[in-house]
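A.B. asks: Before I ask anything, here is the structure I am working with.
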Amino acid sequence: MSVVQAVKKYVTKMINESEPGYKIMLMDKETTSFVSVVLGMSEVMRQEVYMFERLDQTSSGENMSYLKCLVYIRPTRENIELLARELQKPRYGAYYIYFSNVISKSDVKLLAEADEHEVVRDIQELYADYQALAPHVFSLNMAVHSQGLKWATGSLQRAVQGVAGILFSLQYLPTIRYQSNSEMARSLAENIRQTILTEGSLYSNVDTEGGSLLLIMDRRDDPVTPLLHQWTYEAMVHELLGVNNGRVNLSHVQGVSDDLKEVVMSPTQDEFYAQSMYLNYGEIGQTIKDLMEDYQKKLSKQQKVESINDMKHFVESYPQFKKMSGTVSKHVTVVGELSRLVGTHNLLGVSECQQELVCGSDHSENFKRVYQLVTDPKVREVDAVVLVMLYALRHEGHPNNDVRGLINALRKRSVADHYIKLLSSLLDFGGAKARQSDLFGTMGVQDVSSIKKRLFKGLKGVDNVYTQHKPLLIETLMEIVKGRLREGAFPYCGHPPSSPSRPQNIIVFIVGGITYEETAAVHQFNTNNPGVRVILGGTTVHNSSSFLDSVERVMEGLPRKTLRI
């Protein structure tokens, strides 16, 4: 069962186990996002759900005792208090309460005391306490997870609940390993292990075939992947437009129609997107072209209504035709805006330089190319800064390292001081002293100029883009499936298994967030290794902008050690 199927199963369970008749669904901000990324609201409403409400936005409105209320909320202190207040003055005839994780006995008692009108019919714990973004991807959608290099208040508990929810919903009882140089990874691993021991009764049908592994990693070990421009459709959309709870804001696009100002970009609700999210930039251009041609053929047939049978066929196929029309309009608009941004900001040239930096070894050529782009007014300020960051990470120990020369070039183009300070913070966050991996050595040094150009088909103006970089995560997964993951680098939490086996089910959780380059790489890894199933999750899903914001928050207030600017 995939993480998407797990969430859908729980939503269906909630709806089907209540009494027949119209219902209202009462959720909090987070559970609303859990449902909306896997199910369209119209799909839920077809199952007798009349309306949706937010628990934190309810008002003492009219009494609707003829409706049943399905409550699906996280078991937080705030939610318990709000629900108790709702039960003291109930607006609905019956309440079926579902918590997204384990609820304490004291909280159940508090709700029972509030239920003076005896409207609560059932209270259950479900374990969909995460956003299921794709069959193999989940996020806890945590805007802030740390304070300095320690878990922020409440964040450790939230991460434990989210990861434990994955394990309980999929019935995985895993061996747990964690990144040895990360205190945050260690504390998360220990707390999850304790939760499993405490709540062991929740395992009714444990998946033990082939064994399972929970691997907890830290974003600090690979600060490069979140900084790179990506060229798969999903990653490009998030990097250049931003995806929030499966939705993309296009209101800034010139001439966009009202119905396209915000669009759904979720593989669970858009069949075309599900099929094309891992295609590269050139391939998606050709795919959109094919989609439009198919639509035009069907449109010409729709216009030929000459008989009663033609009219009947038109009426029957109209909903599907209208849906296809919306799909075409949406993706043409999105790809058009991506194309405009790529051309306007010379992103192909920037990306090529990024790839040369992280996969190449020639310091002199790298510096020369970075300096050229940093001083190019067509290159965006943020792209110039990121190039300097990548240079600083890649050639941190090189004797001819000239980060200061590049910083002076940034200052000449009046780059904001906050970006300059952020460069120092990034080196403290993910520089050589902060990492346990040989980040650039494990990639394998390659000369970009000697590699055959990768042709991108179909989209005029795109000749080639370098996509050599492979995330550190894939190197780690290969070590797992080969049985070579070093215990010194990733120790066991608790006693190691007496007879270690290569796990068939691997859950990787990255403290500090994942990227869509990594989700695409895991998708490919699963395809290439049919005997292994990897699920990837993190505290959030980053693009370069959110990652740099996160680095700034994490390192704020800590003394700078690496670079005095």
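Residues are named by chain letter and number: chains run A, B, ... in the order of the structure tokens, numbers start at 1 in each chain, and ligands are numbered from 1 in the order shown.
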Where in range 109-354 of chain A does DSSP assign strand (DSSP E), given as number ranges by chain?
C.D. replies: A: 120-125, 131-134, 137-139, 146-147, 150-151, 175-178, 212-218, 247-249, 262-264
A.B. asks: Pull the closest atom pair for each residue of range 500-562 of chain A that gets at most 12 Å from range 386-393 of chain A, along with the distance in Å to one decimal, counting only C-alpha atoms, ordering rows by chain and then ascending residue number, as a tab-separated table.
C.D. replies:
```
residue	atom	partner	partner_atom	distance
A:Ser544	CA	A:Val386	CA	8.6
A:Ser545	CA	A:Val386	CA	10.0
A:Phe547	CA	A:Val386	CA	11.3
A:Leu548	CA	A:Val386	CA	9.4
A:Thr562	CA	A:Ala392	CA	10.8
```
A.B. asks: Nearest to Asn181 in chain A among A:Phe490, A:Phe429, A:Phe34, A:Tyr203, with distances taken over only C-alpha atoms: which residue is it?
C.D. replies: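 Nearest to Asn181 in chain A: A:Phe490.
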A.B. asks: So which residues touch Glu86 in chain A within 9 Å, counting only C-alpha atoms, skipping near sequence neighbours fewer than 4 positions away, as JSON, numbers by chain?
C.D. replies: {"A": [55, 58, 60, 81, 82, 90, 91, 114]}
A.B. asks: Take the residues from that selection and write them out as a compact mmCIF listing (two decimals), in the first residue's frame, keeping C-alpha atoms.
C.D. replies:
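This is the output file selection-v6.txt:
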```
# COMPACT_ATOMS: atom_id res chain seq x y z
CA LEU A 55 -12.37 23.88 13.46
CA THR A 58 -16.23 28.00 13.26
CA SER A 60 -21.93 29.76 16.69
CA GLU A 81 -9.86 22.77 23.49
CA LEU A 82 -11.66 23.97 20.35
CA PRO A 90 -23.20 21.31 19.47
CA ARG A 91 -24.50 22.52 16.12
CA ALA A 114 -17.63 18.38 27.41
```
A.B. asks: Would you mind telling me which residue in A:Arg369, A:Arg553, A:Lys8, A:Arg404 lies nearest to Ala132 in chain A when using only C-alpha atoms?
C.D. replies: A:Lys8
A.B. asks: Could you tell me which of A:Leu197, A:Val7, A:Leu26, A:Leu240 comes closest to Tyr72 in chain A if we count only C-alpha atoms?
C.D. replies: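 Nearest candidate to Tyr72 in chain A out of A:Leu197, A:Val7, A:Leu26, A:Leu240: A:Leu26.
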A.B. asks: Quick one: which range 126-194 of chain A residues come within 10 Å of range 511-515 of chain A, and what is the nearest atom pair for each with the distance in Å to one decimal, counting only C-alpha atoms, rows ordered by chain and ascending number, as CSV?
C.D. replies:
```
residue,atom,partner,partner_atom,distance
A:Val137,CA,A:Ile514,CA,9.5
A:Phe138,CA,A:Ile514,CA,9.5
A:Ser139,CA,A:Gly513,CA,8.2
A:Leu140,CA,A:Gly513,CA,9.1
A:Asn141,CA,A:Gly513,CA,9.0
A:Met142,CA,A:Gly513,CA,8.8
A:Ala143,CA,A:Gly513,CA,9.9
A:Val144,CA,A:Gly512,CA,9.0
A:His145,CA,A:Gly512,CA,7.1
A:Ser146,CA,A:Gly512,CA,8.3
A:Trp151,CA,A:Val511,CA,9.8
A:Ala159,CA,A:Val511,CA,8.8
A:Ser182,CA,A:Val511,CA,9.4
A:Met184,CA,A:Val511,CA,7.5
A:Ala185,CA,A:Val511,CA,6.8
A:Leu188,CA,A:Val511,CA,8.9
```
A.B. asks: Dump C-alpha atoms for the selected residues as a PDB file, in the first residue's frame?
C.D. replies:
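Result file follows (out_3.pdb):
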```pdb
ATOM      1  CA  VAL A 137       6.524  10.734  -1.047  1.00  0.00           C
ATOM      2  CA  PHE A 138       5.277  12.359   2.150  1.00  0.00           C
ATOM      3  CA  SER A 139       5.878  15.660   3.918  1.00  0.00           C
ATOM      4  CA  LEU A 140       5.076  16.949   7.400  1.00  0.00           C
ATOM      5  CA  ASN A 141       4.740  20.460   5.959  1.00  0.00           C
ATOM      6  CA  MET A 142       6.627  22.003   8.873  1.00  0.00           C
ATOM      7  CA  ALA A 143       7.475  25.637   8.176  1.00  0.00           C
ATOM      8  CA  VAL A 144       9.933  25.676  11.099  1.00  0.00           C
ATOM      9  CA  HIS A 145      11.575  22.574  12.556  1.00  0.00           C
ATOM     10  CA  SER A 146      14.642  23.763  14.443  1.00  0.00           C
ATOM     11  CA  TRP A 151      14.611  20.816  17.544  1.00  0.00           C
ATOM     12  CA  ALA A 159       8.134  14.823  13.631  1.00  0.00           C
ATOM     13  CA  SER A 182      23.308  14.663  13.625  1.00  0.00           C
ATOM     14  CA  MET A 184      18.558  15.953  15.714  1.00  0.00           C
ATOM     15  CA  ALA A 185      18.483  12.693  13.744  1.00  0.00           C
ATOM     16  CA  LEU A 188      14.201  11.662  16.490  1.00  0.00           C
TER      17      LEU A 188
END
```
A.B. asks: What does the distance from CA of Ser2 in chain A to CA of Thr31 in chain A come to in Å, to one decimal?
C.D. replies: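 For CA of Ser2 in chain A relative to CA of Thr31 in chain A, the distance reads 18.4 Å.
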A.B. asks: From the options A:Val332, A:Leu167, A:Leu348, A:Val508, which residue's atoms come nearest to Gln286 in chain A, counting only C-alpha atoms?
C.D. replies: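 The closest residue to Gln286 in chain A is A:Val332.
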A.B. asks: Can I get the residues of range 5-114 of chain A within 8 Å of range 241-262 of chain A, each with the closest pair of atoms and their distance in Å to one decimal, using only C-alpha atoms, sorted chain first then ascending number, as a Markdown table?
C.D. replies:
```
| residue | atom | partner | partner_atom | distance |
| --- | --- | --- | --- | --- |
| A:Ser33 | CA | A:Asn245 | CA | 6.0 |
| A:Ser36 | CA | A:Asn245 | CA | 7.6 |
| A:Val37 | CA | A:Gly246 | CA | 5.6 |
```
A.B. asks: Okay, now the selection with all heavy atoms, as a tab-separated table (two decimals), in the first residue's frame?
C.D. replies:
```
chain	number	residue	atom	x	y	z
A	33	SER	N	-5.21	20.02	4.59
A	33	SER	CA	-4.20	19.82	3.54
A	33	SER	C	-3.93	18.34	3.30
A	33	SER	O	-3.67	17.92	2.18
A	33	SER	CB	-2.90	20.55	3.91
A	33	SER	OG	-2.19	19.88	4.93
A	36	SER	N	-6.86	17.36	1.03
A	36	SER	CA	-6.98	18.07	-0.25
A	36	SER	C	-5.91	17.67	-1.26
A	36	SER	O	-6.12	17.78	-2.47
A	36	SER	CB	-6.94	19.58	-0.04
A	36	SER	OG	-5.69	20.00	0.46
A	37	VAL	N	-4.72	17.19	-0.79
A	37	VAL	CA	-3.69	16.82	-1.75
A	37	VAL	C	-3.91	15.44	-2.35
A	37	VAL	O	-3.31	15.11	-3.37
A	37	VAL	CB	-2.26	16.89	-1.14
A	37	VAL	CG1	-1.89	18.31	-0.78
A	37	VAL	CG2	-2.11	15.95	0.04
```
A.B. asks: Could you tell me which of A:Asn16, A:Val11, A:Glu381, A:Phe52 comes closest to Arg411 in chain A if we count only C-alpha atoms?
C.D. replies: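 Using only C-alpha atoms, the shortest distance to Arg411 in chain A belongs to A:Glu381.
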A.B. asks: So which one's closest to Pro267 in chain A, A:Gly40, A:Gly211, A:Gly430, A:Pro471? Using only C-alpha atoms, please.
C.D. replies: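 The shortest atom-to-atom distance to Pro267 in chain A comes from A:Gly40.
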A.B. asks: Step one, run DSSP on the backbone; step two, keep only residues of range 113-291 of chain A assigned to helix (DSSP H, G or I); then write them as a ChimeraX atom specification.
C.D. replies: /A:113-114,155-170,183-198,200-202,219-221,225-227,233-240,258-260,271-276,281-291
A.B. asks: So which residues touch Arg435 in chain A within 10 Å, counting only C-alpha atoms, skipping near sequence neighbours fewer than 3 positions away, as a VMD selection string?
C.D. replies: chain A and resid 181 to 182 218 to 223 428 to 432 438 to 439
A.B. asks: Write a file of the just-selected residues containing all heavy atoms, as an mmCIF file, in the first residue's frame.
C.D. replies:
```cif
data_model
loop_
_atom_site.group_PDB
_atom_site.id
_atom_site.type_symbol
_atom_site.label_atom_id
_atom_site.label_comp_id
_atom_site.auth_asym_id
_atom_site.auth_seq_id
_atom_site.Cartn_x
_atom_site.Cartn_y
_atom_site.Cartn_z
ATOM 1 N N ASN A 181 26.362 11.934 12.826
ATOM 2 C CA ASN A 181 26.841 13.260 13.238
ATOM 3 C C ASN A 181 25.704 14.256 13.454
ATOM 4 O O ASN A 181 25.949 15.448 13.628
ATOM 5 C CB ASN A 181 27.826 13.826 12.206
ATOM 6 C CG ASN A 181 27.131 14.267 10.927
ATOM 7 O OD1 ASN A 181 26.092 13.711 10.555
ATOM 8 N ND2 ASN A 181 27.693 15.256 10.251
ATOM 9 N N SER A 182 24.460 13.778 13.458
ATOM 10 C CA SER A 182 23.308 14.663 13.625
ATOM 11 C C SER A 182 22.597 14.370 14.941
ATOM 12 O O SER A 182 21.976 13.315 15.101
ATOM 13 C CB SER A 182 22.327 14.497 12.461
ATOM 14 O OG SER A 182 21.122 15.199 12.724
ATOM 15 N N ASP A 218 20.016 13.898 7.719
ATOM 16 C CA ASP A 218 19.986 15.326 8.022
ATOM 17 C C ASP A 218 20.315 16.104 6.742
ATOM 18 O O ASP A 218 21.285 15.786 6.052
ATOM 19 C CB ASP A 218 21.008 15.654 9.115
ATOM 20 C CG ASP A 218 20.809 17.034 9.734
ATOM 21 O OD1 ASP A 218 20.602 18.002 8.973
ATOM 22 O OD2 ASP A 218 20.877 17.141 10.974
ATOM 23 N N ARG A 219 19.525 17.129 6.469
ATOM 24 C CA ARG A 219 19.727 17.959 5.275
ATOM 25 C C ARG A 219 21.119 18.568 5.231
ATOM 26 O O ARG A 219 21.652 18.839 4.143
ATOM 27 C CB ARG A 219 18.674 19.069 5.261
ATOM 28 C CG ARG A 219 18.665 19.998 4.059
ATOM 29 C CD ARG A 219 18.041 19.357 2.840
ATOM 30 N NE ARG A 219 18.980 18.649 2.011
ATOM 31 C CZ ARG A 219 18.604 17.787 1.059
ATOM 32 N NH1 ARG A 219 17.346 17.504 0.845
ATOM 33 N NH2 ARG A 219 19.506 17.183 0.330
ATOM 34 N N ARG A 220 21.737 18.774 6.367
ATOM 35 C CA ARG A 220 23.059 19.408 6.421
ATOM 36 C C ARG A 220 24.105 18.595 5.669
ATOM 37 O O ARG A 220 25.118 19.138 5.252
ATOM 38 C CB ARG A 220 23.501 19.610 7.862
ATOM 39 C CG ARG A 220 22.626 20.547 8.674
ATOM 40 C CD ARG A 220 23.174 20.712 10.069
ATOM 41 N NE ARG A 220 24.387 21.520 10.087
ATOM 42 C CZ ARG A 220 25.246 21.534 11.094
ATOM 43 N NH1 ARG A 220 25.049 20.772 12.150
ATOM 44 N NH2 ARG A 220 26.323 22.303 11.037
ATOM 45 N N ASP A 221 23.876 17.295 5.503
ATOM 46 C CA ASP A 221 24.864 16.456 4.835
ATOM 47 C C ASP A 221 24.862 16.652 3.328
ATOM 48 O O ASP A 221 25.813 16.265 2.658
ATOM 49 C CB ASP A 221 24.610 14.975 5.169
ATOM 50 C CG ASP A 221 25.900 14.200 5.333
ATOM 51 O OD1 ASP A 221 26.887 14.797 5.807
ATOM 52 O OD2 ASP A 221 25.927 13.006 4.996
ATOM 53 N N ASP A 222 23.798 17.237 2.786
ATOM 54 C CA ASP A 222 23.746 17.535 1.350
ATOM 55 C C ASP A 222 23.037 18.869 1.141
ATOM 56 O O ASP A 222 21.838 18.927 0.861
ATOM 57 C CB ASP A 222 23.011 16.429 0.581
ATOM 58 C CG ASP A 222 22.897 16.747 -0.914
ATOM 59 O OD1 ASP A 222 23.513 17.738 -1.368
ATOM 60 O OD2 ASP A 222 22.176 16.014 -1.620
ATOM 61 N N PRO A 223 23.786 19.982 1.288
ATOM 62 C CA PRO A 223 23.194 21.295 1.046
ATOM 63 C C PRO A 223 23.181 21.672 -0.430
ATOM 64 O O PRO A 223 22.661 22.731 -0.794
ATOM 65 C CB PRO A 223 24.121 22.229 1.835
ATOM 66 C CG PRO A 223 25.461 21.551 1.734
ATOM 67 C CD PRO A 223 25.184 20.067 1.747
ATOM 68 N N ASP A 428 28.608 27.316 7.371
ATOM 69 C CA ASP A 428 28.511 26.748 8.714
ATOM 70 C C ASP A 428 27.462 25.637 8.763
ATOM 71 O O ASP A 428 27.627 24.643 9.468
ATOM 72 C CB ASP A 428 28.162 27.831 9.735
ATOM 73 C CG ASP A 428 29.351 28.722 10.077
ATOM 74 O OD1 ASP A 428 30.490 28.228 9.953
ATOM 75 O OD2 ASP A 428 29.144 29.881 10.433
ATOM 76 N N PHE A 429 26.388 25.820 8.015
ATOM 77 C CA PHE A 429 25.287 24.848 7.997
ATOM 78 C C PHE A 429 25.688 23.544 7.318
ATOM 79 O O PHE A 429 25.439 22.450 7.840
ATOM 80 C CB PHE A 429 24.079 25.463 7.277
ATOM 81 C CG PHE A 429 22.923 24.513 7.092
ATOM 82 C CD1 PHE A 429 21.968 24.359 8.088
ATOM 83 C CD2 PHE A 429 22.778 23.777 5.920
ATOM 84 C CE1 PHE A 429 20.897 23.489 7.921
ATOM 85 C CE2 PHE A 429 21.716 22.898 5.734
ATOM 86 C CZ PHE A 429 20.779 22.758 6.745
ATOM 87 N N GLY A 430 26.307 23.648 6.127
ATOM 88 C CA GLY A 430 26.562 22.447 5.337
ATOM 89 C C GLY A 430 27.944 22.374 4.728
ATOM 90 O O GLY A 430 28.140 21.667 3.730
ATOM 91 N N GLY A 431 28.899 23.097 5.299
ATOM 92 C CA GLY A 431 30.271 23.036 4.803
ATOM 93 C C GLY A 431 30.940 21.717 5.180
ATOM 94 O O GLY A 431 30.333 20.845 5.824
ATOM 95 N N ALA A 432 32.198 21.573 4.807
ATOM 96 C CA ALA A 432 32.920 20.308 5.004
ATOM 97 C C ALA A 432 32.933 19.876 6.464
ATOM 98 O O ALA A 432 32.811 18.685 6.776
ATOM 99 C CB ALA A 432 34.345 20.445 4.468
ATOM 100 N N ASP A 438 31.484 12.432 2.091
ATOM 101 C CA ASP A 438 32.379 13.049 1.107
ATOM 102 C C ASP A 438 31.496 13.461 -0.064
ATOM 103 O O ASP A 438 31.441 12.800 -1.085
ATOM 104 C CB ASP A 438 33.450 12.045 0.678
ATOM 105 C CG ASP A 438 34.431 12.634 -0.329
ATOM 106 O OD1 ASP A 438 34.374 13.862 -0.545
ATOM 107 O OD2 ASP A 438 35.216 11.880 -0.898
ATOM 108 N N LEU A 439 30.793 14.567 0.133
ATOM 109 C CA LEU A 439 29.712 14.948 -0.775
ATOM 110 C C LEU A 439 30.144 15.021 -2.226
ATOM 111 O O LEU A 439 29.469 14.515 -3.119
ATOM 112 C CB LEU A 439 29.139 16.301 -0.329
ATOM 113 C CG LEU A 439 27.987 16.881 -1.157
ATOM 114 C CD1 LEU A 439 26.790 15.942 -1.145
ATOM 115 C CD2 LEU A 439 27.575 18.245 -0.609
#
```
A.B. asks: Show me, as an mmCIF file with N, CA and C atoms, in the first residue's frame, the residues that have an atom within 8 Å of Thr268 in chain A when counting only C-alpha atoms, minus same-chain residues fewer than 3 positions from it.
C.D. replies:
```
data_model
loop_
_atom_site.group_PDB
_atom_site.id
_atom_site.type_symbol
_atom_site.label_atom_id
_atom_site.label_comp_id
_atom_site.auth_asym_id
_atom_site.auth_seq_id
_atom_site.Cartn_x
_atom_site.Cartn_y
_atom_site.Cartn_z
ATOM 1 N N VAL A 4 -0.322 7.393 -0.410
ATOM 2 C CA VAL A 4 -1.553 7.996 -0.931
ATOM 3 C C VAL A 4 -2.739 7.071 -0.672
ATOM 4 N N VAL A 37 -4.724 17.193 -0.787
ATOM 5 C CA VAL A 37 -3.689 16.824 -1.747
ATOM 6 C C VAL A 37 -3.910 15.440 -2.354
ATOM 7 N N VAL A 38 -4.785 14.628 -1.750
ATOM 8 C CA VAL A 38 -5.033 13.292 -2.309
ATOM 9 C C VAL A 38 -6.435 13.131 -2.889
ATOM 10 N N LEU A 39 -7.364 13.994 -2.453
ATOM 11 C CA LEU A 39 -8.739 13.904 -2.932
ATOM 12 C C LEU A 39 -9.277 15.296 -3.236
ATOM 13 N N LEU A 133 2.144 13.211 -0.875
ATOM 14 C CA LEU A 133 2.289 14.000 -2.098
ATOM 15 C C LEU A 133 2.360 13.146 -3.358
ATOM 16 N N ALA A 134 2.759 11.906 -3.215
ATOM 17 C CA ALA A 134 2.842 10.944 -4.314
ATOM 18 C C ALA A 134 2.869 9.569 -3.658
ATOM 19 N N GLU A 271 -4.461 13.465 -13.922
ATOM 20 C CA GLU A 271 -3.880 12.284 -14.568
ATOM 21 C C GLU A 271 -2.731 12.652 -15.494
ATOM 22 N N ALA A 274 0.313 13.414 -13.399
ATOM 23 C CA ALA A 274 0.869 12.183 -12.839
ATOM 24 C C ALA A 274 1.750 11.473 -13.860
#
```
A.B. asks: So that I can see what lies close to Asn366 in chain A, please list as a list in words the residues with an atom at most 7 Å from it, counting only C-alpha atoms and leaving out residues fewer than 3 positions away in the same chain.
C.D. replies: Glu356, Leu357, Asp362, His363, Arg369 and Val370 of chain A
A.B. asks: Please identify all polymer residues within 9 Å of range 496-498 of chain A, counting only C-alpha atoms, omitting same-chain residues fewer than 4 positions from it, and present them as a PyMOL selection string.
C.D. replies: chain A and resi 175-176+491-492
